[in-house]
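Below is query.pdb, which holds PDB, C-alpha atoms, pLDDT in the B column.
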```
ATOM      1  CA  MET A  27       0.000   0.000   0.000  1.00 82.00           C
ATOM      2  CA  ASN A  28       1.066   3.580  -0.666  1.00 87.00           C
ATOM      3  CA  ILE A  29       1.702   4.435   2.977  1.00 92.00           C
ATOM      4  CA  SER A  30       2.730   8.034   2.313  1.00 91.00           C
ATOM      5  CA  LEU A  31      -0.573   8.680   0.531  1.00 92.00           C
ATOM      6  CA  ILE A  32      -2.560   7.265   3.440  1.00 93.00           C
ATOM      7  CA  ILE A  33      -0.525   9.197   6.005  1.00 93.00           C
ATOM      8  CA  GLY A  34      -0.976  12.376   4.001  1.00 92.00           C
ATOM      9  CA  TRP A  35      -4.737  11.910   3.804  1.00 92.00           C
ATOM     10  CA  VAL A  36      -5.007  11.200   7.523  1.00 93.00           C
ATOM     11  CA  LEU A  37      -2.944  14.271   8.383  1.00 92.00           C
ATOM     12  CA  SER A  38      -4.762  16.547   5.950  1.00 91.00           C
ATOM     13  CA  PHE A  39      -8.308  15.519   6.806  1.00 89.00           C
ATOM     14  CA  GLY A  40      -7.439  15.176  10.480  1.00 90.00           C
ATOM     15  CA  LEU A  41      -6.010  18.669  10.777  1.00 89.00           C
ATOM     16  CA  VAL A  42      -8.914  20.149   8.834  1.00 88.00           C
ATOM     17  CA  VAL A  43     -11.359  18.483  11.228  1.00 87.00           C
ATOM     18  CA  PHE A  44      -9.262  19.683  14.172  1.00 87.00           C
ATOM     19  CA  GLY A  45      -9.458  23.213  12.833  1.00 85.00           C
ATOM     20  CA  ILE A  46     -13.223  22.907  12.496  1.00 83.00           C
ATOM     21  CA  PHE A  47     -13.702  21.739  16.083  1.00 83.00           C
ATOM     22  CA  ASP A  48     -11.343  24.398  17.425  1.00 79.00           C
ATOM     23  CA  GLY A  49     -14.048  27.005  17.896  1.00 73.00           C
ATOM     24  CA  GLY A  50     -16.597  25.548  15.511  1.00 73.00           C
ATOM     25  CA  GLN A  51     -19.014  22.703  14.922  1.00 78.00           C
ATOM     26  CA  ILE A  52     -18.792  19.988  12.318  1.00 82.00           C
ATOM     27  CA  MET A  53     -22.413  20.505  11.300  1.00 81.00           C
ATOM     28  CA  TRP A  54     -21.580  24.054  10.216  1.00 79.00           C
ATOM     29  CA  PHE A  55     -19.577  22.467   7.416  1.00 82.00           C
ATOM     30  CA  VAL A  56     -22.225  19.993   6.273  1.00 84.00           C
ATOM     31  CA  GLU A  57     -24.384  21.482   3.540  1.00 83.00           C
ATOM     32  CA  VAL A  58     -26.194  19.070   1.224  1.00 86.00           C
ATOM     33  CA  ALA A  59     -26.897  21.630  -1.492  1.00 84.00           C
ATOM     34  CA  SER A  60     -23.246  22.730  -1.524  1.00 86.00           C
ATOM     35  CA  LEU A  61     -22.098  19.125  -1.768  1.00 89.00           C
ATOM     36  CA  ALA A  62     -24.525  18.521  -4.608  1.00 89.00           C
ATOM     37  CA  ILE A  63     -23.169  21.481  -6.571  1.00 89.00           C
ATOM     38  CA  THR A  64     -19.481  20.868  -5.877  1.00 91.00           C
ATOM     39  CA  VAL A  65     -19.190  17.090  -5.876  1.00 92.00           C
ATOM     40  CA  GLY A  66     -22.120  16.318  -8.148  1.00 92.00           C
ATOM     41  CA  GLY A  67     -21.196  19.035 -10.610  1.00 92.00           C
ATOM     42  CA  THR A  68     -17.568  17.932 -10.759  1.00 94.00           C
ATOM     43  CA  ILE A  69     -18.479  14.293 -11.268  1.00 94.00           C
ATOM     44  CA  GLY A  70     -20.933  15.243 -13.980  1.00 94.00           C
ATOM     45  CA  CYS A  71     -18.328  17.342 -15.760  1.00 94.00           C
ATOM     46  CA  LEU A  72     -15.745  14.570 -15.523  1.00 94.00           C
ATOM     47  CA  VAL A  73     -18.203  12.019 -16.884  1.00 95.00           C
ATOM     48  CA  ALA A  74     -18.942  14.352 -19.783  1.00 95.00           C
ATOM     49  CA  SER A  75     -15.213  14.822 -20.451  1.00 93.00           C
ATOM     50  CA  PHE A  76     -14.248  11.178 -20.927  1.00 94.00           C
ATOM     51  CA  PRO A  77     -15.696   8.227 -22.847  1.00 94.00           C
ATOM     52  CA  MET A  78     -17.337   5.420 -20.891  1.00 94.00           C
ATOM     53  CA  SER A  79     -14.548   3.026 -21.854  1.00 93.00           C
ATOM     54  CA  TYR A  80     -12.113   5.334 -20.059  1.00 93.00           C
ATOM     55  CA  LEU A  81     -14.356   5.892 -17.030  1.00 94.00           C
ATOM     56  CA  ALA A  82     -14.654   2.127 -16.540  1.00 94.00           C
ATOM     57  CA  GLY A  83     -10.916   2.039 -15.848  1.00 93.00           C
ATOM     58  CA  VAL A  84     -10.887   4.851 -13.258  1.00 93.00           C
ATOM     59  CA  PRO A  85     -11.334   2.489 -10.263  1.00 93.00           C
ATOM     60  CA  LYS A  86      -8.290   0.552 -11.505  1.00 93.00           C
ATOM     61  CA  LYS A  87      -6.276   3.791 -11.627  1.00 93.00           C
ATOM     62  CA  PHE A  88      -7.421   4.554  -8.088  1.00 92.00           C
ATOM     63  CA  GLY A  89      -6.189   1.125  -7.018  1.00 93.00           C
ATOM     64  CA  MET A  90      -2.859   1.698  -8.770  1.00 92.00           C
ATOM     65  CA  ALA A  91      -2.393   4.906  -6.763  1.00 92.00           C
ATOM     66  CA  LEU A  92      -3.161   3.116  -3.497  1.00 92.00           C
ATOM     67  CA  PHE A  93      -1.202  -0.032  -4.338  1.00 93.00           C
ATOM     68  CA  PRO A  94       1.542   1.076  -6.739  1.00 92.00           C
ATOM     69  CA  LYS A  95       3.846  -1.386  -8.418  1.00 90.00           C
ATOM     70  CA  LYS A  96       7.334  -1.189  -6.934  1.00 90.00           C
ATOM     71  CA  TYR A  97      10.224  -0.620  -9.324  1.00 90.00           C
ATOM     72  CA  LYS A  98      13.826  -1.206  -8.304  1.00 90.00           C
ATOM     73  CA  PRO A  99      16.200   0.329 -10.858  1.00 92.00           C
ATOM     74  CA  GLU A 100      19.206  -1.091  -8.997  1.00 92.00           C
ATOM     75  CA  LYS A 101      17.869  -4.597  -9.635  1.00 92.00           C
ATOM     76  CA  TYR A 102      17.535  -3.856 -13.345  1.00 94.00           C
ATOM     77  CA  ILE A 103      21.146  -2.687 -13.433  1.00 94.00           C
ATOM     78  CA  ASP A 104      22.295  -5.882 -11.720  1.00 93.00           C
ATOM     79  CA  ASP A 105      20.360  -7.983 -14.244  1.00 93.00           C
ATOM     80  CA  ILE A 106      21.741  -6.049 -17.207  1.00 94.00           C
ATOM     81  CA  VAL A 107      25.302  -6.471 -15.916  1.00 94.00           C
ATOM     82  CA  GLU A 108      24.724 -10.239 -15.691  1.00 93.00           C
ATOM     83  CA  TYR A 109      23.366 -10.267 -19.251  1.00 92.00           C
ATOM     84  CA  ALA A 110      26.425  -8.286 -20.352  1.00 93.00           C
ATOM     85  CA  LYS A 111      28.716 -10.907 -18.828  1.00 92.00           C
ATOM     86  CA  ILE A 112      26.844 -13.668 -20.645  1.00 91.00           C
ATOM     87  CA  ALA A 113      27.012 -11.818 -23.968  1.00 88.00           C
ATOM     88  CA  ARG A 114      30.690 -10.998 -23.499  1.00 88.00           C
ATOM     89  CA  GLY A 115      31.598 -14.568 -22.687  1.00 86.00           C
ATOM     90  CA  ARG A 116      29.268 -16.579 -24.941  1.00 86.00           C
ATOM     91  CA  GLY A 117      27.954 -14.124 -27.522  1.00 84.00           C
ATOM     92  CA  LEU A 118      24.634 -12.327 -28.008  1.00 85.00           C
ATOM     93  CA  LEU A 119      22.817 -15.489 -29.086  1.00 86.00           C
ATOM     94  CA  ALA A 120      23.362 -16.905 -25.600  1.00 84.00           C
ATOM     95  CA  LEU A 121      21.026 -14.194 -24.267  1.00 87.00           C
ATOM     96  CA  GLU A 122      17.984 -15.802 -25.878  1.00 86.00           C
ATOM     97  CA  GLU A 123      17.550 -18.281 -23.029  1.00 86.00           C
ATOM     98  CA  SER A 124      17.922 -15.489 -20.460  1.00 84.00           C
ATOM     99  CA  ALA A 125      15.415 -13.341 -22.350  1.00 85.00           C
ATOM    100  CA  ASN A 126      12.826 -16.128 -22.389  1.00 85.00           C
ATOM    101  CA  GLY A 127      13.034 -16.362 -18.606  1.00 84.00           C
ATOM    102  CA  CYS A 128      12.800 -12.596 -18.070  1.00 87.00           C
ATOM    103  CA  GLN A 129       9.732 -11.460 -16.119  1.00 87.00           C
ATOM    104  CA  ASP A 130       9.807  -7.881 -17.391  1.00 88.00           C
ATOM    105  CA  GLN A 131       8.212  -7.760 -20.834  1.00 92.00           C
ATOM    106  CA  PHE A 132      10.077  -4.627 -21.921  1.00 93.00           C
ATOM    107  CA  MET A 133      13.416  -6.156 -20.897  1.00 93.00           C
ATOM    108  CA  LYS A 134      12.538  -9.373 -22.718  1.00 92.00           C
ATOM    109  CA  SER A 135      11.604  -7.525 -25.907  1.00 92.00           C
ATOM    110  CA  ALA A 136      14.744  -5.388 -25.785  1.00 92.00           C
ATOM    111  CA  LEU A 137      17.003  -8.405 -25.343  1.00 92.00           C
ATOM    112  CA  MET A 138      15.318 -10.281 -28.183  1.00 91.00           C
ATOM    113  CA  LEU A 139      15.834  -7.305 -30.479  1.00 90.00           C
ATOM    114  CA  ILE A 140      19.621  -7.456 -30.026  1.00 89.00           C
ATOM    115  CA  VAL A 141      19.671 -11.261 -30.106  1.00 87.00           C
ATOM    116  CA  ASP A 142      18.095 -11.057 -33.550  1.00 84.00           C
ATOM    117  CA  ALA A 143      21.038  -8.881 -34.630  1.00 71.00           C
ATOM    118  CA  ASN A 144      18.945  -5.824 -35.415  1.00 74.00           C
ATOM    119  CA  ASP A 145      20.665  -2.560 -36.236  1.00 84.00           C
ATOM    120  CA  ALA A 146      21.424  -0.533 -33.077  1.00 86.00           C
ATOM    121  CA  GLU A 147      19.677   2.573 -34.375  1.00 88.00           C
ATOM    122  CA  LYS A 148      16.614   0.543 -35.290  1.00 90.00           C
ATOM    123  CA  VAL A 149      16.565  -0.990 -31.806  1.00 91.00           C
ATOM    124  CA  ARG A 150      16.873   2.445 -30.188  1.00 92.00           C
ATOM    125  CA  GLY A 151      14.052   3.758 -32.349  1.00 93.00           C
ATOM    126  CA  MET A 152      11.752   0.877 -31.413  1.00 93.00           C
ATOM    127  CA  LEU A 153      12.524   1.194 -27.711  1.00 94.00           C
ATOM    128  CA  ASP A 154      12.069   4.975 -27.847  1.00 94.00           C
ATOM    129  CA  ASP A 155       8.674   4.441 -29.453  1.00 95.00           C
ATOM    130  CA  ALA A 156       7.685   1.953 -26.752  1.00 94.00           C
ATOM    131  CA  ILE A 157       8.702   4.425 -24.042  1.00 95.00           C
ATOM    132  CA  SER A 158       6.806   7.249 -25.752  1.00 95.00           C
ATOM    133  CA  PHE A 159       3.652   5.132 -25.961  1.00 95.00           C
ATOM    134  CA  MET A 160       4.000   4.272 -22.265  1.00 95.00           C
ATOM    135  CA  VAL A 161       4.350   7.955 -21.352  1.00 95.00           C
ATOM    136  CA  GLU A 162       1.249   8.777 -23.386  1.00 94.00           C
ATOM    137  CA  ARG A 163      -0.759   5.979 -21.757  1.00 94.00           C
ATOM    138  CA  HIS A 164       0.207   7.098 -18.270  1.00 94.00           C
ATOM    139  CA  GLU A 165      -0.570  10.743 -18.992  1.00 94.00           C
ATOM    140  CA  ASN A 166      -3.971   9.679 -20.267  1.00 93.00           C
ATOM    141  CA  GLY A 167      -4.444   7.452 -17.211  1.00 92.00           C
ATOM    142  CA  ARG A 168      -4.005  10.240 -14.674  1.00 93.00           C
ATOM    143  CA  ALA A 169      -5.860  12.856 -16.752  1.00 94.00           C
ATOM    144  CA  PHE A 170      -9.090  12.129 -14.824  1.00 95.00           C
ATOM    145  CA  PHE A 171      -7.561  13.143 -11.503  1.00 95.00           C
ATOM    146  CA  GLU A 172      -5.602  16.078 -12.917  1.00 94.00           C
ATOM    147  CA  LYS A 173      -8.752  17.428 -14.543  1.00 95.00           C
ATOM    148  CA  GLY A 174     -10.620  16.979 -11.271  1.00 94.00           C
ATOM    149  CA  VAL A 175      -8.029  19.163  -9.526  1.00 94.00           C
ATOM    150  CA  GLY A 176      -9.041  22.021 -11.803  1.00 93.00           C
ATOM    151  CA  ILE A 177     -12.787  21.387 -11.895  1.00 94.00           C
ATOM    152  CA  PHE A 178     -13.452  21.046  -8.157  1.00 94.00           C
ATOM    153  CA  PRO A 179     -12.459  24.665  -7.281  1.00 93.00           C
ATOM    154  CA  ALA A 180     -14.404  25.930 -10.297  1.00 93.00           C
ATOM    155  CA  PHE A 181     -17.614  24.273  -9.097  1.00 92.00           C
ATOM    156  CA  GLY A 182     -16.834  25.436  -5.569  1.00 90.00           C
ATOM    157  CA  MET A 183     -16.814  29.012  -6.829  1.00 90.00           C
ATOM    158  CA  LEU A 184     -19.939  28.353  -8.875  1.00 88.00           C
ATOM    159  CA  GLY A 185     -21.710  27.113  -5.757  1.00 86.00           C
ATOM    160  CA  THR A 186     -20.561  30.187  -3.869  1.00 87.00           C
ATOM    161  CA  LEU A 187     -22.039  32.445  -6.547  1.00 87.00           C
ATOM    162  CA  VAL A 188     -25.315  30.521  -6.420  1.00 83.00           C
ATOM    163  CA  GLY A 189     -25.390  30.930  -2.639  1.00 81.00           C
ATOM    164  CA  LEU A 190     -24.650  34.661  -2.854  1.00 83.00           C
ATOM    165  CA  VAL A 191     -27.378  35.247  -5.406  1.00 82.00           C
ATOM    166  CA  ASN A 192     -29.900  33.411  -3.249  1.00 77.00           C
ATOM    167  CA  MET A 193     -28.748  35.318  -0.167  1.00 79.00           C
ATOM    168  CA  LEU A 194     -28.958  38.739  -1.808  1.00 78.00           C
ATOM    169  CA  ASN A 195     -32.416  38.016  -3.176  1.00 78.00           C
ATOM    170  CA  THR A 196     -33.716  37.244   0.319  1.00 74.00           C
ATOM    171  CA  MET A 197     -32.034  40.124   2.163  1.00 74.00           C
ATOM    172  CA  ASP A 198     -35.156  42.264   2.165  1.00 73.00           C
ATOM    173  CA  THR A 199     -37.406  39.541   3.520  1.00 75.00           C
ATOM    174  CA  ASN A 200     -34.885  37.877   5.851  1.00 70.00           C
ATOM    175  CA  PRO A 201     -32.054  40.275   6.836  1.00 69.00           C
ATOM    176  CA  ASP A 202     -31.254  38.198   9.943  1.00 66.00           C
ATOM    177  CA  GLY A 203     -30.179  35.298   7.732  1.00 63.00           C
ATOM    178  CA  LEU A 204     -27.354  37.250   6.105  1.00 70.00           C
ATOM    179  CA  ALA A 205     -24.550  35.700   8.196  1.00 67.00           C
ATOM    180  CA  SER A 206     -25.781  32.125   7.848  1.00 67.00           C
ATOM    181  CA  GLY A 207     -26.399  32.669   4.148  1.00 69.00           C
ATOM    182  CA  MET A 208     -22.851  33.926   3.647  1.00 76.00           C
ATOM    183  CA  ALA A 209     -21.477  30.925   5.543  1.00 73.00           C
ATOM    184  CA  THR A 210     -23.479  28.552   3.329  1.00 73.00           C
ATOM    185  CA  ALA A 211     -22.228  30.280   0.206  1.00 78.00           C
ATOM    186  CA  LEU A 212     -18.594  29.961   1.297  1.00 84.00           C
ATOM    187  CA  ILE A 213     -18.885  26.269   2.172  1.00 88.00           C
ATOM    188  CA  THR A 214     -18.905  25.327  -1.514  1.00 89.00           C
ATOM    189  CA  THR A 215     -15.522  26.995  -1.968  1.00 90.00           C
ATOM    190  CA  PHE A 216     -14.320  25.003   1.033  1.00 90.00           C
ATOM    191  CA  TYR A 217     -15.542  21.746  -0.528  1.00 92.00           C
ATOM    192  CA  GLY A 218     -13.938  22.539  -3.878  1.00 92.00           C
ATOM    193  CA  SER A 219     -10.553  23.323  -2.359  1.00 92.00           C
ATOM    194  CA  LEU A 220     -10.672  20.338   0.013  1.00 92.00           C
ATOM    195  CA  PHE A 221     -11.493  17.685  -2.579  1.00 93.00           C
ATOM    196  CA  ALA A 222      -9.138  19.133  -5.204  1.00 94.00           C
ATOM    197  CA  ASN A 223      -6.062  19.530  -3.009  1.00 93.00           C
ATOM    198  CA  VAL A 224      -6.490  16.763  -0.456  1.00 92.00           C
ATOM    199  CA  LEU A 225      -8.055  13.998  -2.552  1.00 92.00           C
ATOM    200  CA  PHE A 226      -7.481  14.373  -6.291  1.00 94.00           C
ATOM    201  CA  ALA A 227      -4.079  16.126  -6.329  1.00 95.00           C
ATOM    202  CA  PRO A 228      -2.361  13.418  -4.206  1.00 94.00           C
ATOM    203  CA  LEU A 229      -3.895  10.683  -6.382  1.00 95.00           C
ATOM    204  CA  ALA A 230      -2.556  12.321  -9.536  1.00 95.00           C
ATOM    205  CA  ALA A 231       0.843  12.801  -7.870  1.00 95.00           C
ATOM    206  CA  ALA A 232       0.951   9.154  -6.754  1.00 94.00           C
ATOM    207  CA  LEU A 233       0.309   7.958 -10.300  1.00 95.00           C
ATOM    208  CA  LYS A 234       2.968  10.326 -11.631  1.00 95.00           C
ATOM    209  CA  ASN A 235       5.513   9.078  -9.088  1.00 93.00           C
ATOM    210  CA  THR A 236       4.924   5.484 -10.172  1.00 93.00           C
ATOM    211  CA  HIS A 237       5.219   6.590 -13.786  1.00 95.00           C
ATOM    212  CA  GLU A 238       8.576   8.249 -13.108  1.00 93.00           C
ATOM    213  CA  ASP A 239       9.885   5.072 -11.480  1.00 93.00           C
ATOM    214  CA  GLU A 240       8.817   2.916 -14.416  1.00 94.00           C
ATOM    215  CA  LEU A 241      10.190   5.422 -16.928  1.00 95.00           C
ATOM    216  CA  LEU A 242      13.598   5.375 -15.232  1.00 95.00           C
ATOM    217  CA  CYS A 243      13.693   1.568 -15.340  1.00 95.00           C
ATOM    218  CA  MET A 244      12.762   1.517 -19.032  1.00 95.00           C
ATOM    219  CA  GLN A 245      15.468   4.063 -19.817  1.00 95.00           C
ATOM    220  CA  ILE A 246      17.984   1.968 -17.897  1.00 95.00           C
ATOM    221  CA  ILE A 247      16.941  -1.101 -19.876  1.00 95.00           C
ATOM    222  CA  GLU A 248      17.274   0.749 -23.168  1.00 95.00           C
ATOM    223  CA  GLU A 249      20.726   2.139 -22.472  1.00 94.00           C
ATOM    224  CA  GLY A 250      21.911  -1.125 -20.947  1.00 94.00           C
ATOM    225  CA  VAL A 251      20.750  -3.334 -23.795  1.00 94.00           C
ATOM    226  CA  LEU A 252      22.268  -1.023 -26.403  1.00 94.00           C
ATOM    227  CA  ALA A 253      25.555  -1.076 -24.486  1.00 93.00           C
ATOM    228  CA  ILE A 254      25.444  -4.882 -24.473  1.00 92.00           C
ATOM    229  CA  ALA A 255      24.854  -4.884 -28.233  1.00 90.00           C
ATOM    230  CA  ALA A 256      27.885  -2.618 -28.642  1.00 89.00           C
ATOM    231  CA  GLY A 257      30.038  -5.119 -26.732  1.00 87.00           C
ATOM    232  CA  SER A 258      30.778  -2.797 -23.828  1.00 89.00           C
ATOM    233  CA  ASN A 259      32.564  -3.979 -20.710  1.00 92.00           C
ATOM    234  CA  PRO A 260      30.091  -5.033 -17.942  1.00 92.00           C
ATOM    235  CA  ARG A 261      31.812  -2.781 -15.420  1.00 93.00           C
ATOM    236  CA  TYR A 262      31.528   0.168 -17.796  1.00 93.00           C
ATOM    237  CA  ILE A 263      27.850  -0.630 -18.330  1.00 93.00           C
ATOM    238  CA  GLN A 264      27.178  -0.682 -14.598  1.00 92.00           C
ATOM    239  CA  GLU A 265      28.937   2.622 -14.026  1.00 92.00           C
ATOM    240  CA  LYS A 266      27.143   4.188 -16.986  1.00 92.00           C
ATOM    241  CA  LEU A 267      23.720   3.061 -15.782  1.00 93.00           C
ATOM    242  CA  GLU A 268      24.364   4.081 -12.185  1.00 92.00           C
ATOM    243  CA  PHE A 269      24.822   7.653 -13.403  1.00 91.00           C
ATOM    244  CA  MET A 270      21.095   7.540 -14.184  1.00 91.00           C
ATOM    245  CA  LEU A 271      20.182   6.757 -10.573  1.00 89.00           C
ATOM    246  CA  PRO A 272      19.480   9.266  -7.811  1.00 81.00           C
ATOM    247  CA  LYS A 273      22.585   9.652  -5.656  1.00 73.00           C
ATOM    248  CA  SER A 274      20.943   7.885  -2.713  1.00 62.00           C
ATOM    249  CA  LYS A 275      20.461   4.716  -4.775  1.00 64.00           C
ATOM    250  CA  LYS A 276      23.922   4.408  -6.264  1.00 61.00           C
ATOM    251  CA  LYS A 277      25.895   1.366  -5.176  1.00 60.00           C
ATOM    252  CA  SER A 278      29.368   1.682  -3.779  1.00 46.00           C
ATOM    253  CA  ASP A 279      30.555  -1.595  -5.270  1.00 46.00           C
ATOM    254  CA  SER A 280      31.059  -2.312  -8.945  1.00 43.00           C
ATOM    255  CA  ALA A 281      30.712  -5.479 -10.968  1.00 42.00           C
ATOM    256  CA  GLY A 282      33.773  -7.161 -12.268  1.00 41.00           C
ATOM    257  CA  ALA A 283      34.671  -7.089 -15.908  1.00 38.00           C
TER     258      ALA A 283
END
```
Just dump the structure as structure tokens.
Amino acid sequence: MNISLIIGWVLSFGLVVFGIFDGGQIMWFVEVASLAITVGGTIGCLVASFPMSYLAGVPKKFGMALFPKKYKPEKYIDDIVEYAKIARGRGLLALEESANGCQDQFMKSALMLIVDANDAEKVRGMLDDAISFMVERHENGRAFFEKGVGIFPAFGMLGTLVGLVNMLNTMDTNPDGLASGMATALITTFYGSLFANVLFAPLAAALKNTHEDELLCMQIIEEGVLAIAAGSNPRYIQEKLEFMLPKSKKKSDSAGA
């Protein structure tokens, strides 16, 4: 589970509730009409913005944010170094057996491309295309949550304007209700900001973080496989790939030649 996401939600919602109770009442912040405008309006707009085939996959994207796949770039580097040793000692054709046993489909495809003696530039082009398609898919996958971040505040403001219009139109007949009417009008802005920044923005960020991890691993695979095809020394390959890692993840030891 994405523990940081859960901790963040607990802290955010918890501190908001604490702020409400510190001199206020929770029922002051419960307004059915405001919820209907803000939440209902946002959901309606999101449904109108995406095809049903896309919307059917939103729960899966939500699950991916809560339970992200873990990527370990250091492990990919170790595997590539082992493949480099095999290729250096027994030739590229010896990698076919290793490729067939590879669990990562992108790694398997990349290895098979060099086993089949494809031109290096052609291999790079195919791998670049695969990475570009992955980036596009992931951007499309988190578009629902990113769009929600923008729509929630907009409907919050819309609800506030509706509340203000209703309040101003009843000032002559009910001047004592001015304060409560203003509070009701502002609650929709509160809802819009809360759901956008506490719920949807972290979900979009969680998906983007997972995307960045996968992208780094795919780039490591690409550069590593091309280095293997060029006949580079395994130690050189490891050092080259470790330059792509964040400093905190770089290994102190190096593989032998």
* Determine the residue set returned by the PyMOL selection byres ((chain A and resi 137-140) around 8) for the present structure, and present it as a list in words. => Leu118, Leu121, Glu122, Ala125, Met133, Lys134, Ser135, Ala136, Val141, Asp142, Ala143, Asn144, Asp145, Ala146, Val149, Val251, Leu252 and Ala255 of chain A
- Determine the residue membership of the PyMOL selection byres ((chain A and resi 114) around 9) for the file above and supply it as a PyMOL selection string. chain A and resi 109-113+115-118+254+257-260
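Checking A:Ala59, A:Leu184, A:Leu220, A:Val191 one by one against Val43 (chain A), counting all atoms listed in the file, you find the shortest gap at A:Leu220.
Near (12.6, 4.0, -17.8), the residues inside the 10 Å limit, counting all atoms listed in the file, come to Tyr97, Pro99, Phe132, Ile157, Met160, Val161, His237, Glu238, Asp239, Glu240, Leu241, Leu242, Cys243, Met244, Gln245, Ile246, Ile247, Glu248, Glu249 and Met270 of chain A.
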Between CA of Glu265 (chain A) and CA of Phe159 (chain A), what is the distance, to one decimal in Å?
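Distance reported for this atom pair: 28.1 Å.
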| By how many Å are CA of Leu61 (chain A) and CA of Tyr217 (chain A) apart? |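 One can read the CA of Leu61 (chain A) to CA of Tyr217 (chain A) distance as 7.2 Å.
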Q) Excluding same-chain residues fewer than 4 positions from region 94-96 of chain A, what lies within 9 Å of it counting only C-alpha atoms, as a list in words? A)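 Surrounding residues, per the criterion: Met27, Asn28, Gly89, Met90, Ala232, Leu233, Thr236, Asp239 and Glu240 of chain A.
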message: Every residue with an atom at most 8 Å from (23.9, -4.5, -16.2) (file coordinates; only C-alpha atoms) is what I'm after, so could you write them as JSON, numbers by chain?
response: {"A": [102, 103, 104, 105, 106, 107, 108, 109, 110, 250, 260, 263, 264, 267]}
Using all heavy atoms, give me region 138-143 of chain A from the structure I just pasted, as a JSON list (two decimals), in the first residue's frame.
```json
[["chain", "number", "residue", "atom", "x", "y", "z"],
["A", 138, "MET", "N", 15.57, -9.53, -26.96],
["A", 138, "MET", "CA", 15.32, -10.28, -28.18],
["A", 138, "MET", "C", 15.66, -9.47, -29.42],
["A", 138, "MET", "O", 16.07, -10.01, -30.45],
["A", 138, "MET", "CB", 13.86, -10.73, -28.23],
["A", 138, "MET", "CG", 13.50, -11.80, -27.20],
["A", 138, "MET", "SD", 14.57, -13.26, -27.28],
["A", 138, "MET", "CE", 14.23, -13.87, -28.94],
["A", 139, "LEU", "N", 15.50, -8.16, -29.34],
["A", 139, "LEU", "CA", 15.83, -7.30, -30.48],
["A", 139, "LEU", "C", 17.33, -7.37, -30.78],
["A", 139, "LEU", "O", 17.73, -7.41, -31.96],
["A", 139, "LEU", "CB", 15.42, -5.86, -30.20],
["A", 139, "LEU", "CG", 13.93, -5.55, -30.30],
["A", 139, "LEU", "CD1", 13.64, -4.12, -29.84],
["A", 139, "LEU", "CD2", 13.44, -5.74, -31.74],
["A", 140, "ILE", "N", 18.18, -7.39, -29.75],
["A", 140, "ILE", "CA", 19.62, -7.46, -30.03],
["A", 140, "ILE", "C", 20.06, -8.88, -30.32],
["A", 140, "ILE", "O", 21.04, -9.09, -31.05],
["A", 140, "ILE", "CB", 20.45, -6.85, -28.87],
["A", 140, "ILE", "CG1", 20.26, -7.65, -27.57],
["A", 140, "ILE", "CG2", 20.09, -5.39, -28.66],
["A", 140, "ILE", "CD1", 21.22, -7.22, -26.46],
["A", 141, "VAL", "N", 19.35, -9.86, -29.78],
["A", 141, "VAL", "CA", 19.67, -11.26, -30.11],
["A", 141, "VAL", "C", 19.44, -11.52, -31.59],
["A", 141, "VAL", "O", 20.20, -12.25, -32.24],
["A", 141, "VAL", "CB", 18.82, -12.22, -29.26],
["A", 141, "VAL", "CG1", 18.89, -13.65, -29.81],
["A", 141, "VAL", "CG2", 19.28, -12.21, -27.80],
["A", 142, "ASP", "N", 18.41, -10.88, -32.13],
["A", 142, "ASP", "CA", 18.09, -11.06, -33.55],
["A", 142, "ASP", "C", 18.99, -10.23, -34.45],
["A", 142, "ASP", "O", 18.72, -10.11, -35.66],
["A", 142, "ASP", "CB", 16.63, -10.68, -33.81],
["A", 142, "ASP", "CG", 15.67, -11.66, -33.14],
["A", 142, "ASP", "OD1", 16.09, -12.80, -32.87],
["A", 142, "ASP", "OD2", 14.51, -11.28, -32.89],
["A", 143, "ALA", "N", 20.02, -9.62, -33.87],
["A", 143, "ALA", "CA", 21.04, -8.88, -34.63],
["A", 143, "ALA", "C", 20.45, -7.70, -35.40],
["A", 143, "ALA", "O", 20.85, -7.42, -36.53],
["A", 143, "ALA", "CB", 21.78, -9.82, -35.58]]
```
